[in-house]
Amino acid sequence: MILLKSPREIEKMRSASGIVAEILAVLRESVRPGVTTFELDEIAEREAARRKARPAFKGYSGYPYSLCCSPNSQVVHGMPTRKELVEGDIVSLDFGVVYHGFYGDAAITVPVGTVSEQARRLIRVTEESLDLAIAAAVPGGRLSDISHAVQKHVEANGYSVVRDFVGHGIGKRLHESPQVPNFGEPGCGVRLRPGLVLAIEPMINEKGCQVKVLDDGWTAVTCDGGLSAHCEHTVAITDNGPDILSRL
Ligand code: MF3
Ligand code: CO
């Protein structure tokens with residue numbers, strides 16, 4: 001069942017998603033060689049508390065942290081550690097909050113100091129694929145138009161789309177219907193309508209699309225050791241087109 005949100009509810013979701021955007025901006029500025037992902041998790045917690053928002057991931061299916069930090073060949077759901085990030089790494093930071101009963105969810109991939117041209121290009125193509133996906137989130141379209149927009153751009157640039165994880169509807173729950181894959185033929189799936197709010201989140205690999213989950217039960221990594229990037233926005237479909245709720 002797909003729950004459409006009223007304009008009032010969308011404004012509440014903008015508050016939650018705006019807090020996520022602010023905190024990701026703080027985290028982006030905090031990423032540098034020598035910082036640990038554990039410290040980034042502490043910053044995220046502190047910034048959420050200051051805004052009276054509850055971190056959405058902590059305790060979700062037993063996930064023990066507030067932030068997901070996935071460096072280099074980690075795809076998503078990487079757990080914060082005491083290991084320092086080093087110059088040349090890239091790290092995806094995925095964060096969500098609940099605020100006044102509604103969820104917001106967003107992710108960015110950030111370079112640590114100066115990174116290779118290769119890594120920069122992967123991040124850029126991943127961000128572009130999210131922009132194209134959002135541009136396809138218009139009333140009258142179909143869900144898989146969003147999916148296809150990601151796949152087309154990513155594969156045209158020689159990268160691959162992760163299949164094992166998908167975006168999702170979002171609202172009073174972190175994960176609502178429908179699922180939002182990052183691949184597929186256009187013109188399929190549910191009709192896009194005003195009031196539909198989606199967390200669109202391309203996960204893009206430099207090499208093959210195969211991923212596996214480590215023994216910790218969370219950390220997803222590329223099977224071939226290639227780099228992976230991830231970015232995400234919470235987006236409302238409105239009469240005026242896509243409205244990016246998790247934008248600053
Ligand atoms: N953005 C991710 C998602 O939508 C983060 C979830 S991490 C979890 O699933 F711990 F909450 F599962
Ligand atoms: Co999400």
# chains A, B, ... in the order shown; residues from 1 in each chain; ligands from 1

$ residues_near_ligand --ligand "ligand 2" --cutoff "12 Å" --atoms "only C-alpha atoms and all ligand atoms" --output "ChimeraX atom specification"
/A:17,20,56-57,67-68,76-77,93-97,103-108,165-171,173-176,179-181,197-203,230-235,246

$ residues_around --residues "Val115 (chain A)" --least-positions-apart "6" --cutoff "8 Å" --atoms "only C-alpha atoms" --output "list in words"
Glu87, Gly88, Asp89 and Ile90 of chain A

$ residues_around --residues "Arg191 (chain A)" --least-positions-apart "4" --cutoff "10 Å" --atoms "only C-alpha atoms" --output "ChimeraX atom specification"
/A:138-145,187,196

$ atom_distance --atom1 "CA of Gly226 (chain A)" --atom2 "CA of Val162 (chain A)"
12.3 Å

$ residues_around --residues "region 72-75 of chain A" --least-positions-apart "3" --cutoff "12 Å" --atoms "only C-alpha atoms" --output "PyMOL selection string"
chain A and resi 68-69+78-80+85-94+107+109-112+115-116+118-120+122-123+161-165+201-214+218-231

$ select_by_dssp --residues "region 27-212 of chain A" --states "strand (DSSP E)" --output "mmCIF file with N, CA, C and O atoms, in the first residue's frame"
data_model
loop_
_atom_site.group_PDB
_atom_site.id
_atom_site.type_symbol
_atom_site.label_atom_id
_atom_site.label_comp_id
_atom_site.auth_asym_id
_atom_site.auth_seq_id
_atom_site.Cartn_x
_atom_site.Cartn_y
_atom_site.Cartn_z
ATOM 1 N N ARG A 54 15.606 12.622 16.409
ATOM 2 C CA ARG A 54 16.109 11.298 16.799
ATOM 3 C C ARG A 54 16.768 10.631 15.594
ATOM 4 O O ARG A 54 16.157 10.556 14.518
ATOM 5 N N PRO A 55 18.009 10.170 15.750
ATOM 6 C CA PRO A 55 18.648 9.439 14.653
ATOM 7 C C PRO A 55 17.788 8.229 14.265
ATOM 8 O O PRO A 55 17.338 7.475 15.127
ATOM 9 N N LEU A 67 24.911 6.656 12.246
ATOM 10 C CA LEU A 67 25.380 6.977 10.899
ATOM 11 C C LEU A 67 25.853 5.694 10.217
ATOM 12 O O LEU A 67 26.402 4.814 10.879
ATOM 13 N N CYS A 68 25.641 5.603 8.911
ATOM 14 C CA CYS A 68 26.314 4.564 8.122
ATOM 15 C C CYS A 68 27.471 5.241 7.394
ATOM 16 O O CYS A 68 27.276 6.277 6.742
ATOM 17 N N CYS A 69 28.677 4.668 7.546
ATOM 18 C CA CYS A 69 29.889 5.230 6.936
ATOM 19 C C CYS A 69 30.533 4.142 6.108
ATOM 20 O O CYS A 69 30.991 3.138 6.664
ATOM 21 N N SER A 70 30.573 4.322 4.807
ATOM 22 C CA SER A 70 31.040 3.245 3.936
ATOM 23 C C SER A 70 32.196 3.730 3.069
ATOM 24 O O SER A 70 31.978 4.318 2.016
ATOM 25 N N PRO A 71 33.453 3.526 3.533
ATOM 26 C CA PRO A 71 34.600 3.971 2.747
ATOM 27 C C PRO A 71 34.912 3.045 1.572
ATOM 28 O O PRO A 71 34.705 1.824 1.655
ATOM 29 N N GLN A 74 33.379 -0.295 0.379
ATOM 30 C CA GLN A 74 32.113 -0.541 1.090
ATOM 31 C C GLN A 74 31.008 0.181 0.332
ATOM 32 O O GLN A 74 31.170 1.320 -0.106
ATOM 33 N N VAL A 75 29.872 -0.499 0.172
ATOM 34 C CA VAL A 75 28.787 0.009 -0.671
ATOM 35 C C VAL A 75 27.797 0.806 0.177
ATOM 36 O O VAL A 75 27.543 1.987 -0.087
ATOM 37 N N VAL A 76 27.228 0.163 1.169
ATOM 38 C CA VAL A 76 26.302 0.809 2.114
ATOM 39 C C VAL A 76 26.384 0.085 3.460
ATOM 40 O O VAL A 76 26.958 -0.998 3.560
ATOM 41 N N ILE A 90 37.523 7.702 -0.305
ATOM 42 C CA ILE A 90 36.204 8.327 -0.416
ATOM 43 C C ILE A 90 35.321 7.638 0.622
ATOM 44 O O ILE A 90 35.566 6.487 0.977
ATOM 45 N N VAL A 91 34.333 8.365 1.146
ATOM 46 C CA VAL A 91 33.472 7.747 2.169
ATOM 47 C C VAL A 91 32.032 8.191 1.973
ATOM 48 O O VAL A 91 31.752 9.382 1.819
ATOM 49 N N SER A 92 31.142 7.213 1.927
ATOM 50 C CA SER A 92 29.722 7.564 1.856
ATOM 51 C C SER A 92 29.166 7.668 3.270
ATOM 52 O O SER A 92 29.488 6.859 4.153
ATOM 53 N N LEU A 93 28.394 8.723 3.495
ATOM 54 C CA LEU A 93 27.778 9.010 4.790
ATOM 55 C C LEU A 93 26.279 9.019 4.590
ATOM 56 O O LEU A 93 25.755 9.825 3.804
ATOM 57 N N ASP A 94 25.591 8.107 5.254
ATOM 58 C CA ASP A 94 24.141 7.955 5.101
ATOM 59 C C ASP A 94 23.526 8.227 6.465
ATOM 60 O O ASP A 94 23.926 7.612 7.461
ATOM 61 N N PHE A 95 22.557 9.163 6.512
ATOM 62 C CA PHE A 95 22.013 9.578 7.802
ATOM 63 C C PHE A 95 20.517 9.830 7.670
ATOM 64 O O PHE A 95 20.045 10.294 6.620
ATOM 65 N N GLY A 96 19.786 9.517 8.720
ATOM 66 C CA GLY A 96 18.353 9.797 8.743
ATOM 67 C C GLY A 96 17.929 10.204 10.135
ATOM 68 O O GLY A 96 18.600 9.873 11.119
ATOM 69 N N VAL A 97 16.831 10.956 10.213
ATOM 70 C CA VAL A 97 16.257 11.311 11.518
ATOM 71 C C VAL A 97 14.736 11.141 11.473
ATOM 72 O O VAL A 97 14.136 11.090 10.394
ATOM 73 N N VAL A 98 14.166 11.062 12.667
ATOM 74 C CA VAL A 98 12.728 11.224 12.837
ATOM 75 C C VAL A 98 12.526 12.547 13.562
ATOM 76 O O VAL A 98 13.223 12.817 14.547
ATOM 77 N N TYR A 99 11.582 13.339 13.076
ATOM 78 C CA TYR A 99 11.322 14.643 13.684
ATOM 79 C C TYR A 99 9.827 14.907 13.571
ATOM 80 O O TYR A 99 9.268 14.865 12.471
ATOM 81 N N PHE A 102 7.922 12.275 11.514
ATOM 82 C CA PHE A 102 8.258 11.953 10.124
ATOM 83 C C PHE A 102 9.757 11.744 9.940
ATOM 84 O O PHE A 102 10.568 12.386 10.607
ATOM 85 N N TYR A 103 10.060 10.861 8.999
ATOM 86 C CA TYR A 103 11.456 10.534 8.687
ATOM 87 C C TYR A 103 12.008 11.387 7.560
ATOM 88 O O TYR A 103 11.261 11.782 6.640
ATOM 89 N N GLY A 104 13.312 11.629 7.622
ATOM 90 C CA GLY A 104 14.076 12.181 6.501
ATOM 91 C C GLY A 104 15.313 11.315 6.347
ATOM 92 O O GLY A 104 15.825 10.793 7.343
ATOM 93 N N ASP A 105 15.799 11.133 5.129
ATOM 94 C CA ASP A 105 16.888 10.190 4.846
ATOM 95 C C ASP A 105 17.698 10.746 3.674
ATOM 96 O O ASP A 105 17.112 11.119 2.650
ATOM 97 N N ALA A 106 19.016 10.823 3.828
ATOM 98 C CA ALA A 106 19.851 11.322 2.729
ATOM 99 C C ALA A 106 21.266 10.795 2.889
ATOM 100 O O ALA A 106 21.658 10.335 3.973
ATOM 101 N N ALA A 107 22.019 10.819 1.797
ATOM 102 C CA ALA A 107 23.404 10.335 1.825
ATOM 103 C C ALA A 107 24.257 11.132 0.846
ATOM 104 O O ALA A 107 23.759 11.630 -0.169
ATOM 105 N N ILE A 108 25.546 11.234 1.189
ATOM 106 C CA ILE A 108 26.529 11.881 0.310
ATOM 107 C C ILE A 108 27.785 11.015 0.275
ATOM 108 O O ILE A 108 28.034 10.249 1.217
ATOM 109 N N THR A 109 28.558 11.132 -0.792
ATOM 110 C CA THR A 109 29.887 10.510 -0.809
ATOM 111 C C THR A 109 30.912 11.622 -0.896
ATOM 112 O O THR A 109 30.804 12.510 -1.752
ATOM 113 N N VAL A 110 31.869 11.585 0.009
ATOM 114 C CA VAL A 110 32.794 12.698 0.234
ATOM 115 C C VAL A 110 34.237 12.233 0.014
ATOM 116 O O VAL A 110 34.622 11.174 0.502
ATOM 117 N N PRO A 111 35.033 13.037 -0.713
ATOM 118 C CA PRO A 111 36.461 12.726 -0.824
ATOM 119 C C PRO A 111 37.196 13.094 0.464
ATOM 120 O O PRO A 111 36.847 14.075 1.113
ATOM 121 N N SER A 160 28.636 0.363 -12.864
ATOM 122 C CA SER A 160 27.522 -0.569 -12.702
ATOM 123 C C SER A 160 26.643 -0.196 -11.512
ATOM 124 O O SER A 160 27.099 0.422 -10.546
ATOM 125 N N VAL A 161 25.378 -0.580 -11.638
ATOM 126 C CA VAL A 161 24.347 -0.264 -10.649
ATOM 127 C C VAL A 161 24.179 -1.449 -9.701
ATOM 128 O O VAL A 161 23.985 -2.582 -10.151
ATOM 129 N N GLY A 167 16.169 2.100 -3.273
ATOM 130 C CA GLY A 167 15.520 3.197 -2.558
ATOM 131 C C GLY A 167 14.118 2.779 -2.132
ATOM 132 O O GLY A 167 13.705 1.637 -2.342
ATOM 133 N N HIS A 168 13.376 3.741 -1.565
ATOM 134 C CA HIS A 168 12.132 3.366 -0.889
ATOM 135 C C HIS A 168 11.208 4.558 -0.691
ATOM 136 O O HIS A 168 11.672 5.705 -0.631
ATOM 137 N N GLY A 169 9.925 4.259 -0.528
ATOM 138 C CA GLY A 169 9.020 5.266 -0.013
ATOM 139 C C GLY A 169 9.420 5.604 1.413
ATOM 140 O O GLY A 169 10.079 4.823 2.093
ATOM 141 N N GLU A 176 8.880 2.681 3.385
ATOM 142 C CA GLU A 176 7.493 2.439 2.964
ATOM 143 C C GLU A 176 7.519 1.931 1.522
ATOM 144 O O GLU A 176 8.541 2.016 0.841
ATOM 145 N N SER A 177 6.362 1.481 1.043
ATOM 146 C CA SER A 177 6.222 1.155 -0.373
ATOM 147 C C SER A 177 6.214 2.452 -1.152
ATOM 148 O O SER A 177 5.753 3.465 -0.624
ATOM 149 N N PRO A 178 6.642 2.459 -2.397
ATOM 150 C CA PRO A 178 7.218 1.325 -3.133
ATOM 151 C C PRO A 178 8.732 1.266 -2.962
ATOM 152 O O PRO A 178 9.367 2.227 -2.533
ATOM 153 N N GLN A 179 9.314 0.116 -3.318
ATOM 154 C CA GLN A 179 10.759 0.041 -3.477
ATOM 155 C C GLN A 179 11.153 0.816 -4.731
ATOM 156 O O GLN A 179 10.391 0.858 -5.697
ATOM 157 N N VAL A 180 12.326 1.417 -4.703
ATOM 158 C CA VAL A 180 12.801 2.226 -5.839
ATOM 159 C C VAL A 180 14.140 1.679 -6.335
ATOM 160 O O VAL A 180 15.208 2.118 -5.885
ATOM 161 N N VAL A 197 6.253 10.393 -1.721
ATOM 162 C CA VAL A 197 7.565 10.830 -1.238
ATOM 163 C C VAL A 197 8.507 9.635 -1.258
ATOM 164 O O VAL A 197 8.201 8.579 -0.692
ATOM 165 N N LEU A 198 9.638 9.819 -1.935
ATOM 166 C CA LEU A 198 10.583 8.720 -2.165
ATOM 167 C C LEU A 198 11.974 9.083 -1.673
ATOM 168 O O LEU A 198 12.415 10.233 -1.832
ATOM 169 N N ALA A 199 12.670 8.098 -1.102
ATOM 170 C CA ALA A 199 14.112 8.211 -0.851
ATOM 171 C C ALA A 199 14.787 7.531 -2.037
ATOM 172 O O ALA A 199 14.714 6.310 -2.179
ATOM 173 N N ILE A 200 15.378 8.358 -2.894
ATOM 174 C CA ILE A 200 16.023 7.851 -4.109
ATOM 175 C C ILE A 200 17.510 7.756 -3.816
ATOM 176 O O ILE A 200 18.112 8.759 -3.390
ATOM 177 N N MET A 203 23.322 3.480 -5.724
ATOM 178 C CA MET A 203 24.574 2.903 -5.202
ATOM 179 C C MET A 203 25.318 2.389 -6.425
ATOM 180 O O MET A 203 24.824 1.497 -7.119
ATOM 181 N N ILE A 204 26.476 2.979 -6.704
ATOM 182 C CA ILE A 204 27.137 2.794 -7.993
ATOM 183 C C ILE A 204 28.555 2.258 -7.803
ATOM 184 O O ILE A 204 29.317 2.802 -6.994
ATOM 185 N N ASN A 205 28.872 1.189 -8.535
ATOM 186 C CA ASN A 205 30.198 0.573 -8.427
ATOM 187 C C ASN A 205 31.068 0.913 -9.624
ATOM 188 O O ASN A 205 30.593 0.962 -10.759
ATOM 189 N N VAL A 211 27.752 -7.496 -4.952
ATOM 190 C CA VAL A 211 28.103 -7.090 -3.598
ATOM 191 C C VAL A 211 27.863 -8.249 -2.639
ATOM 192 O O VAL A 211 27.127 -9.176 -2.958
ATOM 193 N N LYS A 212 28.544 -8.201 -1.498
ATOM 194 C CA LYS A 212 28.285 -9.201 -0.445
ATOM 195 C C LYS A 212 28.266 -8.501 0.901
ATOM 196 O O LYS A 212 28.880 -7.434 1.053
#

$ atom_distance --atom1 "CA of Gly158 (chain A)" --atom2 "CA of Leu132 (chain A)"
16.7 Å

$ decode --residues "region 108-122 of chain A" --atoms "N, CA, C and O atoms" --output "PDB file, in the first residue's frame"
ATOM      1  N   ILE A 108      25.546  11.234   1.189  1.00  0.00           N
ATOM      2  CA  ILE A 108      26.529  11.881   0.310  1.00  0.00           C
ATOM      3  C   ILE A 108      27.785  11.015   0.275  1.00  0.00           C
ATOM      4  O   ILE A 108      28.034  10.249   1.217  1.00  0.00           O
ATOM      5  N   THR A 109      28.558  11.132  -0.792  1.00  0.00           N
ATOM      6  CA  THR A 109      29.887  10.510  -0.809  1.00  0.00           C
ATOM      7  C   THR A 109      30.912  11.622  -0.896  1.00  0.00           C
ATOM      8  O   THR A 109      30.804  12.510  -1.752  1.00  0.00           O
ATOM      9  N   VAL A 110      31.869  11.585   0.009  1.00  0.00           N
ATOM     10  CA  VAL A 110      32.794  12.698   0.234  1.00  0.00           C
ATOM     11  C   VAL A 110      34.237  12.233   0.014  1.00  0.00           C
ATOM     12  O   VAL A 110      34.622  11.174   0.502  1.00  0.00           O
ATOM     13  N   PRO A 111      35.033  13.037  -0.713  1.00  0.00           N
ATOM     14  CA  PRO A 111      36.461  12.726  -0.824  1.00  0.00           C
ATOM     15  C   PRO A 111      37.196  13.094   0.464  1.00  0.00           C
ATOM     16  O   PRO A 111      36.847  14.075   1.113  1.00  0.00           O
ATOM     17  N   VAL A 112      38.198  12.306   0.837  1.00  0.00           N
ATOM     18  CA  VAL A 112      39.026  12.601   2.008  1.00  0.00           C
ATOM     19  C   VAL A 112      40.307  13.245   1.485  1.00  0.00           C
ATOM     20  O   VAL A 112      41.122  12.573   0.854  1.00  0.00           O
ATOM     21  N   GLY A 113      40.441  14.551   1.709  1.00  0.00           N
ATOM     22  CA  GLY A 113      41.588  15.274   1.148  1.00  0.00           C
ATOM     23  C   GLY A 113      41.535  15.216  -0.371  1.00  0.00           C
ATOM     24  O   GLY A 113      40.461  15.278  -0.977  1.00  0.00           O
ATOM     25  N   THR A 114      42.697  15.071  -0.985  1.00  0.00           N
ATOM     26  CA  THR A 114      42.767  14.994  -2.444  1.00  0.00           C
ATOM     27  C   THR A 114      42.639  13.534  -2.860  1.00  0.00           C
ATOM     28  O   THR A 114      43.307  12.672  -2.310  1.00  0.00           O
ATOM     29  N   VAL A 115      41.727  13.274  -3.796  1.00  0.00           N
ATOM     30  CA  VAL A 115      41.514  11.891  -4.244  1.00  0.00           C
ATOM     31  C   VAL A 115      41.817  11.777  -5.740  1.00  0.00           C
ATOM     32  O   VAL A 115      41.916  12.783  -6.443  1.00  0.00           O
ATOM     33  N   SER A 116      41.920  10.546  -6.217  1.00  0.00           N
ATOM     34  CA  SER A 116      42.241  10.296  -7.628  1.00  0.00           C
ATOM     35  C   SER A 116      41.154  10.857  -8.534  1.00  0.00           C
ATOM     36  O   SER A 116      39.993  10.967  -8.144  1.00  0.00           O
ATOM     37  N   GLU A 117      41.545  11.151  -9.764  1.00  0.00           N
ATOM     38  CA  GLU A 117      40.614  11.593 -10.801  1.00  0.00           C
ATOM     39  C   GLU A 117      39.499  10.553 -10.970  1.00  0.00           C
ATOM     40  O   GLU A 117      38.320  10.885 -11.131  1.00  0.00           O
ATOM     41  N   GLN A 118      39.900   9.288 -10.877  1.00  0.00           N
ATOM     42  CA  GLN A 118      38.998   8.139 -10.988  1.00  0.00           C
ATOM     43  C   GLN A 118      37.896   8.183  -9.913  1.00  0.00           C
ATOM     44  O   GLN A 118      36.715   8.016 -10.196  1.00  0.00           O
ATOM     45  N   ALA A 119      38.311   8.453  -8.696  1.00  0.00           N
ATOM     46  CA  ALA A 119      37.358   8.496  -7.583  1.00  0.00           C
ATOM     47  C   ALA A 119      36.433   9.705  -7.726  1.00  0.00           C
ATOM     48  O   ALA A 119      35.219   9.605  -7.483  1.00  0.00           O
ATOM     49  N   ARG A 120      37.012  10.832  -8.120  1.00  0.00           N
ATOM     50  CA  ARG A 120      36.190  12.043  -8.314  1.00  0.00           C
ATOM     51  C   ARG A 120      35.126  11.810  -9.370  1.00  0.00           C
ATOM     52  O   ARG A 120      33.979  12.239  -9.239  1.00  0.00           O
ATOM     53  N   ARG A 121      35.520  11.125 -10.458  1.00  0.00           N
ATOM     54  CA  ARG A 121      34.586  10.877 -11.552  1.00  0.00           C
ATOM     55  C   ARG A 121      33.451   9.940 -11.091  1.00  0.00           C
ATOM     56  O   ARG A 121      32.288  10.155 -11.430  1.00  0.00           O
ATOM     57  N   LEU A 122      33.798   8.935 -10.307  1.00  0.00           N
ATOM     58  CA  LEU A 122      32.752   8.029  -9.802  1.00  0.00           C
ATOM     59  C   LEU A 122      31.733   8.806  -8.958  1.00  0.00           C
ATOM     60  O   LEU A 122      30.524   8.618  -9.098  1.00  0.00           O
TER      61      LEU A 122
END
